[in-house]
Amino acid sequence: MANFSKSNVPQFSVDVYQNEFLPEGGREVNGIVTVTSTGGGTTGGIPLPGAAAAPGYGPGQAPSAAVVLMVDCSGSMDYPPTKMRNARDATAAAIDTLREGTRFSVVAGTHVAKDVYPGNGQLAVADARTKAQAKEALRKLSAGGGTAIGTWLRLTDRLLGAADVDIRHGILLTDGRNEHEAPEDLRAALDSCAGRFTCDARGAGTDWEVKEVTSIASALLGTADIVADPAGLAADFTQMMENAMGKEVADVALRLWTPVGVEIRFVKQVAPTVEDLTGRRTEAPPRAGDYPTGSWGDESRDYHVCVLVPEAGIGQEMLAARVSLILPDPSGAGAPQVLSQGLVRAVWTDDMVASTSINPQVAHYTGQAELAQVIQQGLDARKSGDFDGATAKLGRAVQLASASGNQDTAKLLSKVVDVVDAATGTVRLKAKVAEADEMTLETRSTKTVRVKK
């Protein structure tokens with residue numbers, strides 16, 4: 001493990017967990033890369049207990065940030081009428097949580113997007129006066145119109161793009177399906193916004209499409225969740241904004257360098273959620289590629305790197321990959337800053353015990369990735385009427401959740417299936433399942449638990 005720091009970013013460290021030993025002819029090398037960011041210590045502008053302020057920031061200071069809150073104001077938000085009130089209250093709570101000096105805006109989203117505060121195509125600077133003005137503008141919001149989320153995201157991108165800040169973040173609330181634009185329009189908007197800002201997405205009630213909301217969070221490296229009872233929106237929005245205010249550095253990339261002859265099978269984030277980053281690689285010659293990780297505060301995440309190395313004889317060893325945390329030069333002119341590095345190795349041995357042992361971290365996260373996959377497959381099968389397939393997949397999910405200690409997912413599964421024997425994955429589909437329970441399981445299916453050290 002190596003550590004590098006610079007005065008204006010938190011301290012990053014990289015640890016690699018793997019079994020580097022391969023049998024003769026073995027080619028697949030797996031490593032779990034744990035990335036930890038420490039030393040920032042700000043959440044909502046308040047230093048965490050026992051944590052020093054981020055290097056480069058004086059007392060009470062924090063990185064500059066801009067946040068746009070996108071509030072669904074489509075007609076469906078009036079059913080029931082309390083839903084719109086809950087959304088206004090939640091957005092007001094998030095505004096109250098803004099750190100002084102943060103730039104911000106409120107966007108009302110229907111089949112078009114409207115900048116309702118400050119309303120001049122720019123961002124306001126958070127202080128007591130502007131927060132009060134923004135909450136007054138919220139009180140005037142009413143429901144009416146359709147839903148075209150791509151327009152909301154494009155306006156947010158324009159607003160955030162004009163701000164000279166360290167952190168750019170969006171928070172998006174919807175209660176319905178994206179019915180007033182084509183799926184390819186939303187996809188194009190996400191493609192144009194990717195890498196420009198992060199975005200947390202929330203679905204209120206049960207009339208929205210899970211895959212739409214999760215795809216927004218996935219593309220923009222944020223979180224997705226359901227708030228089945230809109231009365232819980234204020235607490236959720238407060239927590240989201242506190243997390244956003246705790247971010248210290250943006251645009252961190254995981255750079256993977258591989259020697260000649262090594263093939264990359266996949267690069268996935270596996271904790272706190274499963275997110276396949278393989279297809280998001282941007283080339284960084286020679287023989288390296290960058291995978292986006294978004295914004296960081298004081299936190300730790302795990303990544304699974306899998307590569308194929310050329311065959312080699314007993315006793316040989318090689319560097320299979322070098323993993324680096326990279327921070328681009330803001331000007332784009334200089335070399336990126338290397339925040340930390342770790343090595344993935346391959347050693348060929350005739351010791352069968354050594355070469356067949358599976359590293360506990362690799363085994364755990366392989367199971368967690370499968371857990372997320374079989375939940376999705378099981379729910380899709382259930383929706384299509386393939387009840388035998390759904391039973392088999394969700395039974396496997398119960399087995400994996402039980403074996404890994406993922407109690408939160410196990411509880412969500414128990415609302416969709418009756419568990420006969422968790423250890424063997426023997427289950428029966430419930431005859432009736434509340435829509436909120438099924439949507440919650442689907443939305444949270446990628447949440448993982450960390451391996452017990």
# chains A, B, ... in the order shown; residues from 1 in each chain; ligands from 1

call {"tool": "select_by_dssp", "arguments": {"residues": "region 165-216 of chain A", "states": "strand (DSSP E or B)", "output": "number ranges by chain"}}
result
A: 167-174, 198-204

call {"tool": "closest_atom_pairs", "arguments": {"of": "region 53-131 of chain A", "to": "region 179-191 of chain A", "cutoff": "10 Å", "atoms": "only C-alpha atoms", "output": "tab-separated table"}}
result
residue	atom	partner	partner_atom	distance
A:Thr110	CA	A:His180	CA	8.8
A:His111	CA	A:His180	CA	6.0
A:Val112	CA	A:His180	CA	9.3

call {"tool": "select_by_dssp", "arguments": {"residues": "region 15-221 of chain A", "states": "alpha helix (DSSP H)", "output": "PDB file with N, CA and C atoms, in the first residue's frame"}}
result
ATOM      1  N   THR A  82     -51.274  15.487  -0.450  1.00  0.00           N
ATOM      2  CA  THR A  82     -50.201  15.563   0.543  1.00  0.00           C
ATOM      3  C   THR A  82     -48.830  15.292  -0.067  1.00  0.00           C
ATOM      4  N   LYS A  83     -48.800  14.597  -1.220  1.00  0.00           N
ATOM      5  CA  LYS A  83     -47.511  14.236  -1.823  1.00  0.00           C
ATOM      6  C   LYS A  83     -46.719  15.482  -2.230  1.00  0.00           C
ATOM      7  N   MET A  84     -47.405  16.451  -2.842  1.00  0.00           N
ATOM      8  CA  MET A  84     -46.725  17.683  -3.251  1.00  0.00           C
ATOM      9  C   MET A  84     -46.248  18.447  -2.024  1.00  0.00           C
ATOM     10  N   ARG A  85     -47.081  18.446  -0.975  1.00  0.00           N
ATOM     11  CA  ARG A  85     -46.674  19.139   0.250  1.00  0.00           C
ATOM     12  C   ARG A  85     -45.443  18.458   0.863  1.00  0.00           C
ATOM     13  N   ASN A  86     -45.452  17.134   0.869  1.00  0.00           N
ATOM     14  CA  ASN A  86     -44.289  16.395   1.384  1.00  0.00           C
ATOM     15  C   ASN A  86     -43.041  16.716   0.577  1.00  0.00           C
ATOM     16  N   ALA A  87     -43.175  16.842  -0.746  1.00  0.00           N
ATOM     17  CA  ALA A  87     -42.020  17.153  -1.602  1.00  0.00           C
ATOM     18  C   ALA A  87     -41.495  18.558  -1.316  1.00  0.00           C
ATOM     19  N   ARG A  88     -42.412  19.509  -1.133  1.00  0.00           N
ATOM     20  CA  ARG A  88     -41.982  20.876  -0.800  1.00  0.00           C
ATOM     21  C   ARG A  88     -41.264  20.900   0.549  1.00  0.00           C
ATOM     22  N   ASP A  89     -41.845  20.200   1.535  1.00  0.00           N
ATOM     23  CA  ASP A  89     -41.231  20.168   2.861  1.00  0.00           C
ATOM     24  C   ASP A  89     -39.857  19.509   2.826  1.00  0.00           C
ATOM     25  N   ALA A  90     -39.728  18.433   2.050  1.00  0.00           N
ATOM     26  CA  ALA A  90     -38.443  17.731   1.952  1.00  0.00           C
ATOM     27  C   ALA A  90     -37.383  18.611   1.307  1.00  0.00           C
ATOM     28  N   THR A  91     -37.777  19.326   0.261  1.00  0.00           N
ATOM     29  CA  THR A  91     -36.828  20.211  -0.406  1.00  0.00           C
ATOM     30  C   THR A  91     -36.429  21.359   0.514  1.00  0.00           C
ATOM     31  N   ALA A  92     -37.363  21.863   1.296  1.00  0.00           N
ATOM     32  CA  ALA A  92     -37.049  22.918   2.271  1.00  0.00           C
ATOM     33  C   ALA A  92     -36.071  22.395   3.323  1.00  0.00           C
ATOM     34  N   ALA A  93     -36.269  21.154   3.756  1.00  0.00           N
ATOM     35  CA  ALA A  93     -35.361  20.566   4.754  1.00  0.00           C
ATOM     36  C   ALA A  93     -33.955  20.426   4.174  1.00  0.00           C
ATOM     37  N   ALA A  94     -33.880  20.038   2.897  1.00  0.00           N
ATOM     38  CA  ALA A  94     -32.573  19.924   2.249  1.00  0.00           C
ATOM     39  C   ALA A  94     -31.906  21.293   2.135  1.00  0.00           C
ATOM     40  N   ILE A  95     -32.683  22.322   1.815  1.00  0.00           N
ATOM     41  CA  ILE A  95     -32.132  23.678   1.713  1.00  0.00           C
ATOM     42  C   ILE A  95     -31.599  24.141   3.068  1.00  0.00           C
ATOM     43  N   ASP A  96     -32.309  23.808   4.141  1.00  0.00           N
ATOM     44  CA  ASP A  96     -31.839  24.163   5.483  1.00  0.00           C
ATOM     45  C   ASP A  96     -30.498  23.496   5.801  1.00  0.00           C
ATOM     46  N   THR A  97     -30.232  22.360   5.170  1.00  0.00           N
ATOM     47  CA  THR A  97     -29.013  21.585   5.445  1.00  0.00           C
ATOM     48  C   THR A  97     -27.824  22.080   4.634  1.00  0.00           C
ATOM     49  N   ALA A 128     -28.762  32.819   5.135  1.00  0.00           N
ATOM     50  CA  ALA A 128     -30.092  32.863   5.748  1.00  0.00           C
ATOM     51  C   ALA A 128     -31.119  33.508   4.813  1.00  0.00           C
ATOM     52  N   ARG A 129     -30.704  34.552   4.102  1.00  0.00           N
ATOM     53  CA  ARG A 129     -31.644  35.275   3.236  1.00  0.00           C
ATOM     54  C   ARG A 129     -32.049  34.431   2.032  1.00  0.00           C
ATOM     55  N   THR A 130     -31.070  33.847   1.338  1.00  0.00           N
ATOM     56  CA  THR A 130     -31.397  33.084   0.122  1.00  0.00           C
ATOM     57  C   THR A 130     -32.138  31.786   0.463  1.00  0.00           C
ATOM     58  N   LYS A 131     -31.820  31.175   1.592  1.00  0.00           N
ATOM     59  CA  LYS A 131     -32.557  29.971   1.994  1.00  0.00           C
ATOM     60  C   LYS A 131     -34.029  30.316   2.235  1.00  0.00           C
ATOM     61  N   ALA A 132     -34.293  31.441   2.895  1.00  0.00           N
ATOM     62  CA  ALA A 132     -35.676  31.863   3.147  1.00  0.00           C
ATOM     63  C   ALA A 132     -36.393  32.153   1.835  1.00  0.00           C
ATOM     64  N   GLN A 133     -35.691  32.797   0.887  1.00  0.00           N
ATOM     65  CA  GLN A 133     -36.290  33.099  -0.415  1.00  0.00           C
ATOM     66  C   GLN A 133     -36.619  31.815  -1.175  1.00  0.00           C
ATOM     67  N   ALA A 134     -35.705  30.853  -1.117  1.00  0.00           N
ATOM     68  CA  ALA A 134     -35.916  29.591  -1.824  1.00  0.00           C
ATOM     69  C   ALA A 134     -37.121  28.848  -1.253  1.00  0.00           C
ATOM     70  N   LYS A 135     -37.258  28.855   0.070  1.00  0.00           N
ATOM     71  CA  LYS A 135     -38.396  28.160   0.687  1.00  0.00           C
ATOM     72  C   LYS A 135     -39.714  28.872   0.369  1.00  0.00           C
ATOM     73  N   GLU A 136     -39.650  30.193   0.202  1.00  0.00           N
ATOM     74  CA  GLU A 136     -40.845  30.936  -0.216  1.00  0.00           C
ATOM     75  C   GLU A 136     -41.226  30.553  -1.654  1.00  0.00           C
ATOM     76  N   ALA A 137     -40.224  30.385  -2.519  1.00  0.00           N
ATOM     77  CA  ALA A 137     -40.491  29.952  -3.897  1.00  0.00           C
ATOM     78  C   ALA A 137     -41.079  28.545  -3.915  1.00  0.00           C
ATOM     79  N   LEU A 138     -40.630  27.700  -3.014  1.00  0.00           N
ATOM     80  CA  LEU A 138     -41.160  26.334  -2.933  1.00  0.00           C
ATOM     81  C   LEU A 138     -42.649  26.336  -2.618  1.00  0.00           C
ATOM     82  N   ARG A 139     -43.070  27.238  -1.747  1.00  0.00           N
ATOM     83  CA  ARG A 139     -44.471  27.265  -1.332  1.00  0.00           C
ATOM     84  C   ARG A 139     -45.412  27.563  -2.496  1.00  0.00           C
ATOM     85  N   ILE A 149     -37.732  13.679 -17.673  1.00  0.00           N
ATOM     86  CA  ILE A 149     -36.615  13.841 -16.747  1.00  0.00           C
ATOM     87  C   ILE A 149     -35.349  14.300 -17.448  1.00  0.00           C
ATOM     88  N   GLY A 150     -35.187  13.932 -18.714  1.00  0.00           N
ATOM     89  CA  GLY A 150     -33.997  14.369 -19.447  1.00  0.00           C
ATOM     90  C   GLY A 150     -33.877  15.882 -19.493  1.00  0.00           C
ATOM     91  N   THR A 151     -35.024  16.580 -19.578  1.00  0.00           N
ATOM     92  CA  THR A 151     -34.976  18.049 -19.608  1.00  0.00           C
ATOM     93  C   THR A 151     -34.533  18.595 -18.249  1.00  0.00           C
ATOM     94  N   TRP A 152     -34.923  17.915 -17.166  1.00  0.00           N
ATOM     95  CA  TRP A 152     -34.510  18.358 -15.830  1.00  0.00           C
ATOM     96  C   TRP A 152     -32.991  18.249 -15.701  1.00  0.00           C
ATOM     97  N   LEU A 153     -32.462  17.123 -16.166  1.00  0.00           N
ATOM     98  CA  LEU A 153     -31.020  16.881 -16.030  1.00  0.00           C
ATOM     99  C   LEU A 153     -30.218  17.854 -16.888  1.00  0.00           C
ATOM    100  N   ARG A 154     -30.699  18.157 -18.086  1.00  0.00           N
ATOM    101  CA  ARG A 154     -29.954  19.081 -18.961  1.00  0.00           C
ATOM    102  C   ARG A 154     -29.923  20.493 -18.382  1.00  0.00           C
ATOM    103  N   LEU A 155     -31.037  20.938 -17.796  1.00  0.00           N
ATOM    104  CA  LEU A 155     -31.034  22.260 -17.156  1.00  0.00           C
ATOM    105  C   LEU A 155     -30.092  22.249 -15.946  1.00  0.00           C
ATOM    106  N   THR A 156     -30.138  21.187 -15.167  1.00  0.00           N
ATOM    107  CA  THR A 156     -29.223  21.066 -14.021  1.00  0.00           C
ATOM    108  C   THR A 156     -27.777  21.125 -14.460  1.00  0.00           C
ATOM    109  N   ASP A 157     -27.461  20.458 -15.566  1.00  0.00           N
ATOM    110  CA  ASP A 157     -26.098  20.471 -16.089  1.00  0.00           C
ATOM    111  C   ASP A 157     -25.674  21.882 -16.485  1.00  0.00           C
ATOM    112  N   ARG A 158     -26.584  22.630 -17.111  1.00  0.00           N
ATOM    113  CA  ARG A 158     -26.250  24.011 -17.499  1.00  0.00           C
ATOM    114  C   ARG A 158     -26.005  24.873 -16.267  1.00  0.00           C
ATOM    115  N   LEU A 159     -26.844  24.719 -15.259  1.00  0.00           N
ATOM    116  CA  LEU A 159     -26.693  25.527 -14.042  1.00  0.00           C
ATOM    117  C   LEU A 159     -25.397  25.185 -13.311  1.00  0.00           C
ATOM    118  N   LEU A 160     -25.136  23.904 -13.137  1.00  0.00           N
ATOM    119  CA  LEU A 160     -23.927  23.492 -12.423  1.00  0.00           C
ATOM    120  C   LEU A 160     -22.669  23.771 -13.223  1.00  0.00           C
ATOM    121  N   GLY A 161     -22.771  23.644 -14.545  1.00  0.00           N
ATOM    122  CA  GLY A 161     -21.596  23.835 -15.395  1.00  0.00           C
ATOM    123  C   GLY A 161     -21.058  25.252 -15.368  1.00  0.00           C
ATOM    124  N   PRO A 183     -37.307   7.008 -24.370  1.00  0.00           N
ATOM    125  CA  PRO A 183     -36.215   6.463 -23.555  1.00  0.00           C
ATOM    126  C   PRO A 183     -34.837   6.888 -24.053  1.00  0.00           C
ATOM    127  N   GLU A 184     -34.694   6.992 -25.382  1.00  0.00           N
ATOM    128  CA  GLU A 184     -33.379   7.386 -25.913  1.00  0.00           C
ATOM    129  C   GLU A 184     -33.048   8.847 -25.591  1.00  0.00           C
ATOM    130  N   ASP A 185     -34.086   9.680 -25.380  1.00  0.00           N
ATOM    131  CA  ASP A 185     -33.826  11.076 -24.988  1.00  0.00           C
ATOM    132  C   ASP A 185     -33.259  11.141 -23.574  1.00  0.00           C
ATOM    133  N   LEU A 186     -33.823  10.330 -22.657  1.00  0.00           N
ATOM    134  CA  LEU A 186     -33.282  10.279 -21.301  1.00  0.00           C
ATOM    135  C   LEU A 186     -31.867   9.712 -21.328  1.00  0.00           C
ATOM    136  N   ARG A 187     -31.669   8.664 -22.132  1.00  0.00           N
ATOM    137  CA  ARG A 187     -30.330   8.056 -22.223  1.00  0.00           C
ATOM    138  C   ARG A 187     -29.310   9.068 -22.746  1.00  0.00           C
ATOM    139  N   ALA A 188     -29.695   9.851 -23.752  1.00  0.00           N
ATOM    140  CA  ALA A 188     -28.789  10.861 -24.305  1.00  0.00           C
ATOM    141  C   ALA A 188     -28.470  11.937 -23.270  1.00  0.00           C
ATOM    142  N   ALA A 189     -29.481  12.310 -22.471  1.00  0.00           N
ATOM    143  CA  ALA A 189     -29.243  13.312 -21.426  1.00  0.00           C
ATOM    144  C   ALA A 189     -28.274  12.771 -20.383  1.00  0.00           C
ATOM    145  N   LEU A 190     -28.452  11.510 -19.999  1.00  0.00           N
ATOM    146  CA  LEU A 190     -27.545  10.907 -19.026  1.00  0.00           C
ATOM    147  C   LEU A 190     -26.126  10.827 -19.582  1.00  0.00           C
ATOM    148  N   ASP A 191     -26.012  10.456 -20.848  1.00  0.00           N
ATOM    149  CA  ASP A 191     -24.680  10.372 -21.461  1.00  0.00           C
ATOM    150  C   ASP A 191     -23.988  11.729 -21.467  1.00  0.00           C
ATOM    151  N   SER A 192     -24.750  12.794 -21.724  1.00  0.00           N
ATOM    152  CA  SER A 192     -24.142  14.126 -21.794  1.00  0.00           C
ATOM    153  C   SER A 192     -23.792  14.662 -20.405  1.00  0.00           C
ATOM    154  N   CYS A 193     -24.511  14.185 -19.371  1.00  0.00           N
ATOM    155  CA  CYS A 193     -24.269  14.670 -18.006  1.00  0.00           C
ATOM    156  C   CYS A 193     -23.236  13.838 -17.255  1.00  0.00           C
ATOM    157  N   VAL A 210     -38.718   1.575 -11.421  1.00  0.00           N
ATOM    158  CA  VAL A 210     -37.470   1.364 -10.682  1.00  0.00           C
ATOM    159  C   VAL A 210     -36.258   1.481 -11.600  1.00  0.00           C
ATOM    160  N   LYS A 211     -36.303   0.833 -12.759  1.00  0.00           N
ATOM    161  CA  LYS A 211     -35.122   0.823 -13.628  1.00  0.00           C
ATOM    162  C   LYS A 211     -34.782   2.216 -14.153  1.00  0.00           C
ATOM    163  N   GLU A 212     -35.794   3.102 -14.295  1.00  0.00           N
ATOM    164  CA  GLU A 212     -35.502   4.479 -14.703  1.00  0.00           C
ATOM    165  C   GLU A 212     -34.730   5.214 -13.617  1.00  0.00           C
ATOM    166  N   VAL A 213     -35.205   5.116 -12.387  1.00  0.00           N
ATOM    167  CA  VAL A 213     -34.571   5.850 -11.290  1.00  0.00           C
ATOM    168  C   VAL A 213     -33.176   5.294 -10.994  1.00  0.00           C
ATOM    169  N   THR A 214     -33.048   3.969 -10.975  1.00  0.00           N
ATOM    170  CA  THR A 214     -31.724   3.396 -10.691  1.00  0.00           C
ATOM    171  C   THR A 214     -30.742   3.670 -11.824  1.00  0.00           C
ATOM    172  N   SER A 215     -31.234   3.757 -13.066  1.00  0.00           N
ATOM    173  CA  SER A 215     -30.320   4.053 -14.181  1.00  0.00           C
ATOM    174  C   SER A 215     -29.778   5.473 -14.095  1.00  0.00           C
ATOM    175  N   ILE A 216     -30.582   6.408 -13.562  1.00  0.00           N
ATOM    176  CA  ILE A 216     -30.119   7.793 -13.388  1.00  0.00           C
ATOM    177  C   ILE A 216     -28.992   7.830 -12.363  1.00  0.00           C
ATOM    178  N   ALA A 217     -29.222   7.199 -11.207  1.00  0.00           N
ATOM    179  CA  ALA A 217     -28.197   7.183 -10.165  1.00  0.00           C
ATOM    180  C   ALA A 217     -26.947   6.452 -10.633  1.00  0.00           C
ATOM    181  N   SER A 218     -27.121   5.365 -11.362  1.00  0.00           N
ATOM    182  CA  SER A 218     -25.980   4.598 -11.847  1.00  0.00           C
ATOM    183  C   SER A 218     -25.139   5.410 -12.815  1.00  0.00           C
ATOM    184  N   ALA A 219     -25.783   6.029 -13.796  1.00  0.00           N
ATOM    185  CA  ALA A 219     -25.046   6.795 -14.800  1.00  0.00           C
ATOM    186  C   ALA A 219     -24.316   7.978 -14.188  1.00  0.00           C
TER     187      ALA A 219
END

call {"tool": "closest_atom_pairs", "arguments": {"of": "region 277-302 of chain A", "to": "region 315-329 of chain A", "cutoff": "12 Å", "atoms": "only C-alpha atoms", "output": "CSV"}}
result
residue,atom,partner,partner_atom,distance
A:Ala284,CA,A:Ile326,CA,11.0
A:Arg287,CA,A:Ala321,CA,10.3
A:Ala288,CA,A:Arg322,CA,9.1
A:Gly289,CA,A:Val323,CA,10.0
A:Asp290,CA,A:Ile326,CA,8.2
A:Tyr291,CA,A:Ile326,CA,9.7
A:Pro292,CA,A:Ile326,CA,9.6
A:Thr293,CA,A:Leu325,CA,9.5
A:Gly294,CA,A:Leu327,CA,10.7
A:Ser295,CA,A:Leu327,CA,10.8
A:Trp296,CA,A:Leu327,CA,11.4

call {"tool": "closest_residue", "arguments": {"among": "A:Leu141, A:Val33, A:Val417, A:Ala369", "to": "Glu275 (chain A)", "atoms": "only C-alpha atoms"}}
result
A:Ala369

call {"tool": "residues_around", "arguments": {"residues": "Ala431 (chain A)", "least_positions_apart": "5", "cutoff": "12 Å", "atoms": "only C-alpha atoms", "output": "list of chain:residue names"}}
result
A:Arg382, A:Phe387, A:Lys415, A:Val416, A:Val417, A:Asp418

call {"tool": "write_last_selection", "arguments": {"atoms": "N, CA and C atoms", "output": "compact mmCIF listing (two decimals), in the first residue's frame"}}
result
# COMPACT_ATOMS: atom_id res chain seq x y z
N ARG A 382 -40.75 -13.17 -12.09
CA ARG A 382 -42.06 -13.10 -11.42
C ARG A 382 -43.02 -12.20 -12.19
N PHE A 387 -43.07 -18.39 -12.73
CA PHE A 387 -43.02 -18.53 -11.27
C PHE A 387 -41.99 -19.57 -10.82
N LYS A 415 -40.33 -10.50 2.45
CA LYS A 415 -41.62 -9.89 2.16
C LYS A 415 -42.15 -10.30 0.78
N VAL A 416 -41.28 -10.97 0.00
CA VAL A 416 -41.66 -11.41 -1.35
C VAL A 416 -41.81 -12.92 -1.41
N VAL A 417 -41.05 -13.63 -0.58
CA VAL A 417 -41.12 -15.10 -0.55
C VAL A 417 -41.26 -15.57 0.90
N ASP A 418 -41.88 -16.74 1.06
CA ASP A 418 -41.89 -17.42 2.35
C ASP A 418 -40.66 -18.31 2.40

call {"tool": "residues_around", "arguments": {"residues": "Asp200 (chain A)", "least_positions_apart": "4", "cutoff": "9 Å", "atoms": "only C-alpha atoms", "output": "MDAnalysis selection string"}}
result
chainID A and resid 169:173 216:217 220:225 240
